[in-house]
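Chemist: Contents of structure.cif (mmCIF, C-alpha atoms) are below:
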```
data_protein
loop_
_atom_site.label_atom_id
_atom_site.label_comp_id
_atom_site.auth_asym_id
_atom_site.auth_seq_id
_atom_site.Cartn_x
_atom_site.Cartn_y
_atom_site.Cartn_z
CA MET K 1115 159.29 59.75 148.76
CA GLN K 1116 157.82 60.06 145.32
CA THR K 1117 155.81 63.15 144.54
CA GLU K 1118 153.52 61.71 141.94
CA ASN K 1119 151.11 64.01 140.15
CA LYS K 1120 147.72 62.55 140.91
CA LYS K 1121 145.79 64.78 138.47
CA GLY K 1122 144.40 63.02 135.42
CA PHE K 1123 144.69 64.09 131.80
CA GLN K 1124 146.38 67.48 131.41
CA VAL K 1125 147.06 69.25 128.14
CA LYS K 1126 150.41 70.49 129.44
CA ASP K 1127 151.66 66.91 129.88
CA LEU K 1128 150.58 66.04 126.36
CA ILE K 1129 152.41 69.09 124.97
CA VAL K 1130 155.60 68.26 126.94
CA THR K 1131 155.46 64.65 125.73
CA ALA K 1132 154.92 65.71 122.10
CA LEU K 1133 157.83 68.18 122.17
CA LEU K 1134 160.22 65.71 123.81
CA SER K 1135 159.20 63.00 121.30
CA LEU K 1136 160.04 65.48 118.56
CA CYS K 1137 163.45 66.07 120.17
CA ALA K 1138 164.11 62.30 120.37
CA LEU K 1139 163.18 61.95 116.69
CA VAL K 1140 165.50 64.79 115.68
CA ILE K 1141 168.34 63.07 117.60
CA TYR K 1142 167.52 59.83 115.74
CA ILE K 1143 167.59 61.58 112.36
CA ILE K 1144 171.00 63.10 113.19
CA CYS K 1145 172.33 59.67 114.30
CA ALA K 1146 170.88 58.03 111.18
CA PHE K 1147 173.24 60.08 109.00
CA LEU K 1148 175.92 57.61 110.11
CA SER K 1149 174.42 54.97 107.78
CA PHE K 1150 176.85 56.04 105.06
CA SER K 1151 178.90 52.88 105.60
CA PRO K 1152 177.95 49.36 106.83
CA TYR K 1153 180.28 49.68 109.84
CA THR K 1154 178.89 53.03 110.99
CA MET K 1155 175.31 51.86 110.29
CA LEU K 1156 175.64 49.41 113.19
CA VAL K 1157 176.43 52.36 115.50
CA VAL K 1158 173.16 54.23 114.79
CA SER K 1159 170.94 52.42 117.34
CA PRO K 1160 173.53 52.34 120.20
CA LEU K 1161 174.29 56.03 119.66
CA TRP K 1162 170.59 56.94 119.65
CA SER K 1163 170.04 55.01 122.89
CA LEU K 1164 172.97 56.88 124.44
CA LEU K 1165 171.92 60.38 123.35
CA ALA K 1166 168.10 60.26 123.57
CA ALA K 1167 167.90 59.01 127.18
CA ILE K 1168 167.52 62.54 128.55
CA THR K 1169 164.26 63.06 126.57
CA TYR K 1170 162.71 59.84 127.99
CA PHE K 1171 163.72 60.71 131.56
CA LEU K 1172 162.47 64.29 131.17
CA VAL K 1173 159.04 63.00 130.07
CA ALA K 1174 158.82 60.93 133.25
CA ALA K 1175 160.23 63.65 135.51
CA LYS K 1176 158.17 66.49 134.09
CA THR K 1177 154.79 64.82 133.61
CA LYS K 1178 154.97 62.06 136.25
CA LYS K 1179 152.34 60.19 134.24
CA PRO K 1180 152.76 56.57 133.04
CA TRP K 1181 150.58 57.21 129.97
CA ALA K 1182 153.01 59.98 128.90
CA LEU K 1183 155.74 57.34 128.60
CA PHE K 1184 153.41 55.22 126.47
CA ILE K 1185 152.70 58.17 124.14
CA PHE K 1186 156.42 58.98 123.93
CA CYS K 1187 157.33 55.42 122.87
CA ALA K 1188 154.34 55.14 120.50
CA VAL K 1189 155.03 58.49 118.76
CA THR K 1190 158.70 57.66 118.17
CA GLY K 1191 157.65 54.25 116.82
CA ILE K 1192 154.92 55.63 114.56
CA TYR K 1193 157.42 58.01 113.01
CA GLY K 1194 159.44 55.01 111.81
CA PHE K 1195 156.54 54.12 109.44
CA TYR K 1196 157.69 50.51 109.63
CA PRO K 1197 155.03 48.10 110.98
CA PRO K 1198 157.40 45.92 113.14
CA MET K 1199 158.89 49.08 114.68
CA ILE K 1200 155.44 50.56 115.39
CA ILE K 1201 154.30 47.32 117.06
CA CYS K 1202 157.52 46.92 119.10
CA CYS K 1203 157.48 50.57 120.24
CA ILE K 1204 153.82 50.29 121.29
CA ILE K 1205 154.67 47.11 123.24
CA ALA K 1206 157.66 48.95 124.79
CA GLY K 1207 155.32 51.86 125.62
CA ILE K 1208 152.85 49.53 127.35
CA ILE K 1209 155.69 47.88 129.34
CA SER K 1210 157.14 51.30 130.30
CA ALA K 1211 153.71 52.60 131.36
CA LEU K 1212 153.00 49.47 133.41
CA ILE K 1213 156.39 49.64 135.15
CA ALA K 1214 155.93 53.37 135.85
CA TRP K 1215 152.36 52.77 137.07
CA LYS K 1216 153.54 50.03 139.42
CA THR K 1217 156.73 51.65 140.77
CA GLY K 1218 156.24 55.36 140.09
CA CYS K 1219 157.58 57.77 137.48
CA THR K 1220 160.36 59.05 139.74
CA ASN K 1221 161.99 55.70 140.42
CA GLY K 1222 165.36 55.95 138.65
CA LYS K 1223 166.12 52.21 138.64
CA THR K 1224 162.84 51.09 137.10
CA LEU K 1225 162.91 53.97 134.61
CA THR K 1226 166.39 52.83 133.53
CA PHE K 1227 165.08 49.28 133.16
CA SER K 1228 162.06 50.38 131.07
CA TYR K 1229 164.29 52.63 128.93
CA ILE K 1230 166.63 49.70 128.18
CA ILE K 1231 163.62 47.55 127.15
CA TYR K 1232 162.30 50.36 124.93
CA MET K 1233 165.65 50.90 123.21
CA VAL K 1234 166.36 47.18 122.70
CA LEU K 1235 162.89 46.67 121.18
CA ALA K 1236 163.22 49.78 119.00
CA ALA K 1237 166.68 48.71 117.77
CA PHE K 1238 165.57 45.11 117.23
CA SER K 1239 162.51 46.10 115.19
CA GLY K 1240 164.05 49.03 113.34
CA THR K 1241 167.51 47.83 112.44
CA TYR K 1242 167.79 44.07 112.90
CA ILE K 1243 164.36 42.60 112.01
CA PRO K 1244 164.77 43.57 108.31
CA PHE K 1245 168.05 41.62 108.15
CA LEU K 1246 167.03 38.64 110.26
CA PHE K 1247 163.56 37.88 108.87
CA PHE K 1248 163.45 39.58 105.44
CA SER K 1249 167.15 39.32 104.67
CA ASN K 1250 166.88 38.66 100.90
CA GLN K 1251 164.50 41.58 100.18
CA THR K 1252 166.43 43.94 102.47
CA LEU K 1253 169.81 43.05 100.99
CA GLU K 1254 168.43 43.46 97.45
CA GLN K 1255 167.08 46.89 98.41
CA TYR K 1256 170.43 47.90 99.93
CA ALA K 1257 172.24 46.67 96.82
CA GLY K 1258 169.99 48.90 94.72
CA MET K 1259 170.53 51.89 96.99
CA PHE K 1260 174.20 51.67 97.84
CA GLY K 1261 175.81 49.37 95.33
CA GLU K 1262 177.40 45.93 95.41
CA SER K 1263 180.49 46.91 97.45
CA TYR K 1264 178.30 48.17 100.32
CA LEU K 1265 176.23 45.00 100.09
CA GLY K 1266 179.34 42.80 100.22
CA ILE K 1267 180.52 44.31 103.51
CA LEU K 1268 176.97 44.25 104.89
CA GLN K 1269 176.56 40.53 104.16
CA THR K 1270 179.71 39.72 106.11
CA LEU K 1271 178.61 41.91 109.03
CA VAL K 1272 174.94 41.00 109.39
CA SER K 1273 174.17 37.68 111.05
CA PRO K 1274 172.01 36.50 113.99
CA VAL K 1275 175.14 36.50 116.19
CA THR K 1276 176.00 40.10 115.22
CA ALA K 1277 172.38 41.12 115.85
CA ILE K 1278 172.46 39.63 119.37
CA ILE K 1279 175.83 41.27 120.11
CA MET K 1280 174.50 44.61 118.84
CA LEU K 1281 171.36 44.31 120.99
CA VAL K 1282 173.60 43.77 124.04
CA VAL K 1283 175.61 46.84 122.99
CA VAL K 1284 172.35 48.82 122.65
CA ALA K 1285 171.31 47.72 126.16
CA ILE K 1286 174.71 48.79 127.58
CA CYS K 1287 174.53 52.14 125.76
CA ALA K 1288 170.95 52.66 127.00
CA PHE K 1289 172.15 51.98 130.56
CA VAL K 1290 175.02 54.47 130.21
CA GLY K 1291 172.62 56.96 128.55
CA ALA K 1292 170.23 56.57 131.48
CA LEU K 1293 173.06 57.28 133.96
CA ILE K 1294 174.06 60.41 132.01
CA ALA K 1295 170.40 61.50 131.76
CA LYS K 1296 169.92 61.17 135.53
CA LYS K 1297 173.07 63.24 136.16
CA LEU K 1298 171.95 65.92 133.69
CA LEU K 1299 168.47 66.02 135.26
CA LYS K 1300 170.01 66.56 138.69
CA LYS K 1301 172.66 69.03 137.52
CA HIS K 1302 170.50 71.27 135.32
CA PHE K 1303 166.76 70.67 135.47
CA LYS K 1304 166.23 70.01 139.19
CA LYS K 1305 168.49 72.91 140.17
CA ALA K 1306 166.58 75.22 137.84
CA GLY K 1307 163.30 73.98 139.35
CA MET K 1308 162.02 72.79 135.99
CA VAL K 1309 161.15 69.24 137.08
CA MET V 363 146.45 80.71 103.83
CA ASN V 364 145.35 84.01 102.27
CA LYS V 365 148.30 83.79 99.91
CA LEU V 366 147.20 80.30 98.98
CA ARG V 367 143.67 81.40 98.22
CA LYS V 368 144.99 84.18 95.99
CA HIS V 369 147.63 82.27 94.04
CA GLY V 370 147.00 78.57 94.37
CA VAL V 371 144.26 75.99 94.70
CA TYR V 372 142.74 75.78 98.18
CA TYR V 373 142.33 72.22 99.39
CA ASP V 374 141.68 70.45 102.68
CA SER V 375 144.56 70.30 105.16
CA ARG V 376 143.88 66.57 105.75
CA ILE V 377 145.06 65.93 102.17
CA LYS V 378 148.32 67.75 102.97
CA LEU V 379 148.72 65.68 106.13
CA LEU V 380 148.10 62.47 104.20
CA LEU V 381 150.65 63.63 101.61
CA ILE V 382 153.24 63.98 104.40
CA LEU V 383 152.39 60.58 105.89
CA LEU V 384 152.52 58.76 102.55
CA THR V 385 155.69 60.56 101.46
CA SER V 386 157.46 59.76 104.76
CA ALA V 387 156.33 56.13 104.66
CA LEU V 388 157.24 55.53 101.01
CA ALA V 389 160.48 57.56 100.98
CA PHE V 390 162.21 55.02 103.21
CA ALA V 391 160.14 51.92 102.44
CA LEU V 392 160.69 51.97 98.67
CA GLY V 393 164.01 52.08 96.86
CA GLY V 394 165.66 55.29 95.68
CA GLY V 395 166.44 56.22 92.07
CA LEU V 396 163.40 56.55 89.81
CA THR V 397 160.94 55.87 92.66
CA GLY V 398 162.48 58.65 94.75
CA LEU V 399 162.37 61.01 91.79
CA LEU V 400 158.70 60.21 91.14
CA LEU V 401 157.90 60.75 94.81
CA PHE V 402 159.61 64.13 94.68
CA GLY V 403 157.64 64.90 91.50
CA VAL V 404 154.31 64.24 93.24
CA VAL V 405 155.25 66.48 96.18
CA CYS V 406 156.42 69.15 93.72
CA LEU V 407 153.08 68.90 91.88
CA PHE V 408 151.13 69.52 95.09
CA ALA V 409 153.45 72.41 96.00
CA LEU V 410 152.75 74.00 92.61
CA LEU V 411 149.01 73.41 93.11
CA SER V 412 149.31 75.23 96.44
CA GLY V 413 150.90 78.20 94.67
CA LEU V 414 154.43 77.68 96.05
CA TRP V 415 156.18 78.46 92.75
CA LYS V 416 159.38 80.01 94.08
CA THR V 417 159.89 77.35 96.76
CA SER V 418 159.26 74.56 94.24
CA ILE V 419 161.87 75.93 91.84
CA LYS V 420 164.45 76.39 94.62
CA VAL V 421 163.91 72.90 96.06
CA ALA V 422 163.91 71.31 92.60
CA ILE V 423 167.28 72.96 91.83
CA VAL V 424 168.74 71.67 95.13
CA TYR V 425 167.36 68.17 94.36
CA ILE V 426 168.88 68.12 90.87
CA VAL V 427 172.27 69.37 92.16
CA LEU V 428 172.31 66.67 94.87
CA LEU V 429 171.29 64.03 92.33
CA MET V 430 174.15 65.07 90.04
CA LEU V 431 176.61 65.11 92.94
CA ALA V 432 175.53 61.56 93.86
CA GLN V 433 176.59 60.43 90.39
CA VAL V 434 180.15 61.76 90.68
CA LEU V 435 181.01 61.36 94.38
CA PRO V 436 182.49 58.16 95.90
CA ILE V 437 179.98 55.47 96.93
CA HIS V 438 180.04 56.27 100.67
CA LEU V 439 179.27 59.94 100.11
CA SER V 440 176.76 59.33 97.33
CA SER V 441 174.94 56.80 99.55
CA VAL V 442 174.43 59.54 102.17
CA ILE V 443 172.93 61.74 99.44
CA THR V 444 170.69 59.08 97.89
CA PHE V 445 169.67 57.38 101.13
CA PHE V 446 169.21 60.43 103.36
CA LEU V 447 169.53 63.88 101.87
CA LEU V 448 167.24 63.33 98.85
CA ARG V 449 164.62 61.50 100.93
CA ILE V 450 164.72 63.99 103.80
CA LEU V 451 164.51 66.84 101.27
CA THR V 452 161.35 65.26 99.80
CA ILE V 453 159.76 64.83 103.26
CA ALA V 454 160.79 68.35 104.32
CA PHE V 455 159.27 69.72 101.11
CA ALA V 456 155.96 67.95 101.86
CA LEU V 457 156.05 69.39 105.40
CA ASN V 458 156.80 72.81 103.97
CA ILE V 459 153.56 72.74 101.95
CA LEU V 460 151.62 72.30 105.18
CA PHE V 461 153.61 74.96 107.06
CA GLN V 462 153.34 77.59 104.35
CA THR V 463 149.73 77.09 103.39
CA THR V 464 147.89 75.95 106.52
CA GLU V 465 147.19 77.55 109.85
CA ILE V 466 147.50 75.16 112.80
CA SER V 467 143.97 76.13 113.94
CA GLU V 468 142.66 75.00 110.54
CA LEU V 469 144.48 71.67 110.87
CA ILE V 470 143.13 71.14 114.41
CA ALA V 471 139.60 71.93 113.19
CA ALA V 472 140.00 69.46 110.31
CA LEU V 473 141.31 66.69 112.56
CA GLN V 474 138.62 67.28 115.18
CA ALA V 475 135.98 67.21 112.43
CA SER V 476 137.32 63.75 111.54
CA HIS V 477 136.59 62.64 115.15
CA ILE V 478 140.28 61.97 115.85
CA PRO V 479 140.91 61.83 119.64
CA GLN V 480 142.34 64.87 121.40
CA ALA V 481 145.33 62.77 122.58
CA ILE V 482 146.41 62.43 118.92
CA VAL V 483 145.32 65.86 117.62
CA ILE V 484 147.33 67.83 120.19
CA PRO V 485 150.71 66.06 119.73
CA VAL V 486 150.35 66.19 115.91
CA ALA V 487 149.55 69.91 116.00
CA ILE V 488 152.32 70.63 118.51
CA ILE V 489 154.98 68.68 116.59
CA LEU V 490 154.09 70.42 113.32
CA ARG V 491 153.88 73.84 114.96
CA PHE V 492 157.13 73.48 116.86
CA LEU V 493 159.36 72.15 114.05
CA PRO V 494 160.12 75.62 112.56
CA SER V 495 160.60 77.09 116.07
CA LEU V 496 163.08 74.32 116.92
CA LYS V 497 165.16 75.29 113.89
CA GLN V 498 165.21 78.90 115.10
CA ASP V 499 166.16 77.87 118.66
CA VAL V 500 169.02 75.72 117.35
CA LEU V 501 170.41 78.74 115.48
CA TYR V 502 170.24 80.93 118.61
CA ILE V 503 171.94 78.25 120.76
CA LYS V 504 174.66 77.78 118.15
CA GLN V 505 175.27 81.54 118.17
CA GLY V 506 175.34 81.55 121.98
CA MET V 507 177.86 78.71 122.06
CA LYS V 508 180.03 80.49 119.50
CA THR V 509 180.01 83.67 121.63
CA ARG V 510 181.25 81.65 124.62
CA GLY V 511 184.05 80.15 122.55
CA VAL V 512 182.56 76.65 122.36
CA GLY V 513 181.15 76.88 118.85
CA LEU V 514 179.80 73.77 117.14
CA SER V 515 182.35 72.34 114.76
CA PHE V 516 183.26 68.85 113.61
CA TRP V 517 186.60 69.01 115.46
CA ARG V 518 184.91 70.23 118.67
CA ILE V 519 182.32 67.41 118.52
CA VAL V 520 185.09 64.82 118.07
CA SER V 521 187.47 66.26 120.70
CA HIS V 522 184.86 67.23 123.37
CA PRO V 523 181.75 65.10 122.68
CA ALA V 524 180.36 65.21 126.23
CA GLN V 525 180.80 68.97 126.59
CA THR V 526 179.24 69.60 123.17
CA TYR V 527 176.31 67.28 123.96
CA GLU V 528 175.64 68.97 127.29
CA GLY V 529 176.21 72.50 126.03
CA PHE V 530 173.98 72.03 123.01
CA LEU V 531 171.18 69.73 124.17
CA VAL V 532 170.47 71.12 127.64
CA PRO V 533 169.59 74.67 126.43
CA ILE V 534 167.38 73.16 123.69
CA LEU V 535 165.52 71.04 126.25
CA MET V 536 165.21 74.02 128.62
CA ARG V 537 163.77 76.13 125.81
CA LEU V 538 161.49 73.27 124.83
CA LEU V 539 160.08 72.93 128.35
CA MET V 540 159.48 76.69 128.52
CA THR V 541 157.71 76.55 125.16
CA ALA V 542 155.55 73.70 126.48
CA THR V 543 154.57 75.82 129.50
CA GLU V 544 153.74 78.82 127.30
CA LEU V 545 151.80 76.75 124.78
CA SER V 546 149.80 74.94 127.44
CA ALA V 547 148.98 78.24 129.20
CA SER V 548 147.80 79.64 125.88
CA ALA V 549 145.74 76.52 125.14
CA GLU V 550 144.21 76.47 128.63
CA THR V 551 143.27 80.15 128.31
CA ARG V 552 141.40 79.27 125.14
CA GLY V 553 139.54 76.55 127.03
CA ILE V 554 141.11 73.47 125.47
CA SER V 555 140.46 71.37 128.59
CA TYR V 556 136.88 72.57 129.09
CA PRO V 557 134.61 69.56 128.59
CA CYS V 558 132.31 70.87 125.89
CA GLU V 559 131.97 70.68 122.12
CA LYS V 560 134.52 73.03 120.54
CA THR V 561 133.65 75.56 117.84
CA HIS V 562 136.13 76.95 115.29
CA TYR V 563 136.64 80.23 113.46
CA ILE V 564 137.60 78.26 110.36
CA LEU V 565 134.89 75.98 109.04
CA VAL V 566 136.30 72.88 107.39
CA ASP V 567 134.39 71.15 104.67
CA PHE V 568 135.58 68.24 102.53
CA ARG V 569 134.29 69.27 99.09
CA LEU V 570 134.11 67.61 95.69
CA ARG V 571 137.38 69.30 94.65
CA ASP V 572 139.10 67.75 97.70
CA SER V 573 137.72 64.31 96.83
CA ILE V 574 139.04 64.58 93.26
CA LEU V 575 142.46 65.71 94.53
CA LEU V 576 142.56 62.89 97.06
CA ILE V 577 141.73 60.27 94.42
CA GLY V 578 144.37 61.79 92.09
CA MET V 579 146.98 61.76 94.85
CA LEU V 580 146.26 58.13 95.80
CA ALA V 581 146.42 57.14 92.11
CA LEU V 582 149.83 58.82 91.77
CA PHE V 583 151.14 57.02 94.86
CA ALA V 584 149.78 53.72 93.51
CA VAL V 585 151.77 54.33 90.29
CA ILE V 586 154.92 55.01 92.35
CA ILE V 587 154.48 51.78 94.32
CA TRP V 588 153.85 49.85 91.07
CA THR V 589 156.99 51.43 89.52
CA SER V 590 159.13 50.39 92.50
CA PHE V 591 158.36 46.73 91.74
CA GLN V 592 159.29 47.05 88.05
CA PRO V 593 162.82 46.16 86.90
CA ILE V 594 163.61 49.70 85.66
CA SER V 595 167.17 50.85 86.27
CA PHE V 596 168.04 54.53 86.85
#
```
Since I need it in another form, could you write the structure as structure tokens?

Modeler:
Amino acid sequence: MQTENKKGFQVKDLIVTALLSLCALVIYIICAFLSFSPYTMLVVSPLWSLLAAITYFLVAAKTKKPWALFIFCAVTGIYGFYPPMIICCIIAGIISALIAWKTGCTNGKTLTFSYIIYMVLAAFSGTYIPFLFFSNQTLEQYAGMFGESYLGILQTLVSPVTAIIMLVVVAICAFVGALIAKKLLKKHFKKAGMV
Amino acid sequence: MNKLRKHGVYYDSRIKLLLILLTSALAFALGGGLTGLLLFGVVCLFALLSGLWKTSIKVAIVYIVLLMLAQVLPIHLSSVITFFLLRILTIAFALNILFQTTEISELIAALQASHIPQAIVIPVAIILRFLPSLKQDVLYIKQGMKTRGVGLSFWRIVSHPAQTYEGFLVPILMRLLMTATELSASAETRGISYPCEKTHYILVDFRLRDSILLIGMLALFAVIIWTSFQPISF
């Protein structure tokens, strides 16, 4: 049976959420270094969804508060400083909070589902929206930053079909990340009595 | 902060926070080249105003060296420098101004004086306070891993990715959760949850000097944005 924390707003939960958001952002920054080539750039979002799952699951396990999941998603979105990403991450945060409120913060299956939604929305808004809806401006900017050869490869790679395939890959990676996160939670954090 | 008052110009911490926000937003939203250089110049100017002479010189040297390397290295390596390293260096420099010249209690007082909700003030303060500690923790964990013969190296990451991920990330998260417990205990002891109006040791006041600096900073950022739309090659 779920052991939900029924207490309301607690500073400790806010601090845990803030620190784990910071950890997720650091993981994203490390993954983002792979943007050095068009091929590796496509790997950034799937890799982030694979590696950062533990931070999302720890927020839920440690705080047991739906609003903590909303803050986690919103903070990681706000850091992107890109309006579509902020909006999508806030929407993902609302969905995650609603799912957690309805089914509980300790339900592994629904947490996995909300994490996949969050990662797909974050990847869609952060990586693929610029190419799908503002393709000319984005490609011009990339040409200025990386040169014509980079742009040439990018133009052949980026298309609506590629974007859909990559979103499916992100969802699969998020699912695998969630499985790994649940195993790590059980192996290390539950045994140590930290969650 | 005392150092700042002795050697540099004292200005409101909200201006420093806005500098970080604008720098982070513009560093990745605008193109590199001249725009990136101008952005770095603005951050450098505020660092000098804050009295961070030595840090400014060191960071400027690193920036110039990276910029020169980007000109001679192959496109894939130079793109990492121009797209990430130079931009992250600029953002880290802006963050450094806040870390070196502002106490977190001063920042909290300034944000609370601006009527920003507690749910935003606490995460912002925690993230800014914990960033330097995270760096220190990473160093300790790397040393610990090296002692156990599983040191972090490129070859190790490629050959044993799962083991490296688990061995590196789990101790960081453990340390992070312990820090959260300690920080929240400290905050609770100081009565952060007590439902009353909070008072502060440091009185924050947005003065005329701050207003002038804010207008100057916004004008400089407006120039950078205008420059990014001009067909100037660099």

Chemist: Which neighbours of Phe1238 of chain K fall inside 12 Å, counting all atoms listed in the file, when residues of the same chain fewer than 6 positions from it are skipped, and could you give them as a CSV table (one decimal) with C-alpha atoms, in the frame of the given file?

Modeler:
```csv
chain,number,residue,atom,x,y,z
K,1156,LEU,CA,175.6,49.4,113.2
K,1159,SER,CA,170.9,52.4,117.3
K,1160,PRO,CA,173.5,52.3,120.2
K,1198,PRO,CA,157.4,45.9,113.1
K,1199,MET,CA,158.9,49.1,114.7
K,1200,ILE,CA,155.4,50.6,115.4
K,1201,ILE,CA,154.3,47.3,117.1
K,1202,CYS,CA,157.5,46.9,119.1
K,1203,CYS,CA,157.5,50.6,120.2
K,1206,ALA,CA,157.7,49.0,124.8
K,1230,ILE,CA,166.6,49.7,128.2
K,1231,ILE,CA,163.6,47.6,127.2
K,1232,TYR,CA,162.3,50.4,124.9
K,1244,PRO,CA,164.8,43.6,108.3
K,1245,PHE,CA,168.0,41.6,108.2
K,1246,LEU,CA,167.0,38.6,110.3
K,1247,PHE,CA,163.6,37.9,108.9
K,1274,PRO,CA,172.0,36.5,114.0
K,1276,THR,CA,176.0,40.1,115.2
K,1277,ALA,CA,172.4,41.1,115.8
K,1278,ILE,CA,172.5,39.6,119.4
K,1279,ILE,CA,175.8,41.3,120.1
K,1280,MET,CA,174.5,44.6,118.8
K,1281,LEU,CA,171.4,44.3,121.0
K,1282,VAL,CA,173.6,43.8,124.0
K,1283,VAL,CA,175.6,46.8,123.0
K,1284,VAL,CA,172.4,48.8,122.6
K,1285,ALA,CA,171.3,47.7,126.2
```

Chemist: Give me the result of the PyMOL selection byres ((chain K and resi 1165-1168) around 8) on this file, residue by residue, as a tab-separated table (two decimals) with C-alpha atoms, in the frame of the given file.

Modeler:
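File written: selection.tsv
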```
chain	number	residue	atom	x	y	z
K	1138	ALA	CA	164.11	62.30	120.37
K	1141	ILE	CA	168.34	63.07	117.60
K	1142	TYR	CA	167.52	59.83	115.74
K	1161	LEU	CA	174.29	56.03	119.66
K	1162	TRP	CA	170.59	56.94	119.65
K	1163	SER	CA	170.04	55.01	122.89
K	1164	LEU	CA	172.97	56.88	124.44
K	1169	THR	CA	164.26	63.06	126.57
K	1170	TYR	CA	162.71	59.84	127.99
K	1171	PHE	CA	163.72	60.71	131.56
K	1172	LEU	CA	162.47	64.29	131.17
K	1229	TYR	CA	164.29	52.63	128.93
K	1288	ALA	CA	170.95	52.66	127.00
K	1291	GLY	CA	172.62	56.96	128.55
K	1292	ALA	CA	170.23	56.57	131.48
K	1294	ILE	CA	174.06	60.41	132.01
K	1295	ALA	CA	170.40	61.50	131.76
K	1296	LYS	CA	169.92	61.17	135.53
K	1298	LEU	CA	171.95	65.92	133.69
K	1299	LEU	CA	168.47	66.02	135.26
```

Chemist: Rounded to one decimal, what separation in Å do you get between atom CA of Val405 of chain V and atom CA of Ala391 of chain V?

Modeler: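 Answer for the atom CA of Val405 of chain V to atom CA of Ala391 of chain V separation: 16.6 Å.
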
Chemist: For chain V, which residue out of K:Lys1178, K:Lys1216, K:Lys1301, K:Lys1223 is the nearest one, using all atoms listed in the file?

Modeler: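 Closest candidate: K:Lys1301.
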
Chemist: Once the PyMOL selection byres ((chain V and resi 561-578) around 9) is applied to the coordinates I shared, what remains selected? I want it as an NGL selection string.

Modeler: :V and (372-375 or 377 or 467-469 or 471-472 or 475 or 559-560 or 579-583)

Chemist: Compute the chain V side of the contact with chain K at 9 Å, counting all atoms listed in the file, and hand it back as a count of residues only.

Modeler: 49

Chemist: Might you pull out every residue within 8 Å of Leu473 of chain V, with only C-alpha atoms counted and same-chain residues fewer than 5 positions away left off, and present them as an MDAnalysis selection string?

Modeler: chainID V and resid 376 478 483

Chemist: Mind telling me what the PyMOL selection byres ((chain K and resi 1224) around 12) catches here, as an MDAnalysis selection string?

Modeler: chainID K and resid 1171 1174 1209:1223 1225:1231 1289 1292

Chemist: N, CA and C atoms are what I want for segment 447-458 of chain V; can you complete it accordingly and write them as a CSV table (one decimal), in the coordinates of the input?

Modeler:
```
chain,number,residue,atom,x,y,z
V,447,LEU,N,169.8,62.5,102.2
V,447,LEU,CA,169.5,63.9,101.9
V,447,LEU,C,168.4,64.0,100.9
V,448,LEU,N,168.3,63.2,99.8
V,448,LEU,CA,167.2,63.3,98.8
V,448,LEU,C,165.9,63.0,99.5
V,449,ARG,N,165.9,61.9,100.3
V,449,ARG,CA,164.6,61.5,100.9
V,449,ARG,C,164.2,62.5,102.0
V,450,ILE,N,165.1,63.0,102.8
V,450,ILE,CA,164.7,64.0,103.8
V,450,ILE,C,164.3,65.3,103.1
V,451,LEU,N,164.9,65.6,102.0
V,451,LEU,CA,164.5,66.8,101.3
V,451,LEU,C,163.1,66.7,100.8
V,452,THR,N,162.7,65.5,100.3
V,452,THR,CA,161.4,65.3,99.8
V,452,THR,C,160.3,65.4,101.0
V,453,ILE,N,160.7,64.8,102.1
V,453,ILE,CA,159.8,64.8,103.3
V,453,ILE,C,159.6,66.3,103.8
V,454,ALA,N,160.8,67.0,103.8
V,454,ALA,CA,160.8,68.4,104.3
V,454,ALA,C,160.0,69.2,103.4
V,455,PHE,N,160.0,69.0,102.1
V,455,PHE,CA,159.3,69.7,101.1
V,455,PHE,C,157.8,69.5,101.3
V,456,ALA,N,157.4,68.2,101.6
V,456,ALA,CA,156.0,68.0,101.9
V,456,ALA,C,155.5,68.7,103.1
V,457,LEU,N,156.4,68.7,104.1
V,457,LEU,CA,156.0,69.4,105.4
V,457,LEU,C,155.9,70.9,105.2
V,458,ASN,N,156.8,71.4,104.3
V,458,ASN,CA,156.8,72.8,104.0
V,458,ASN,C,155.5,73.3,103.3
```
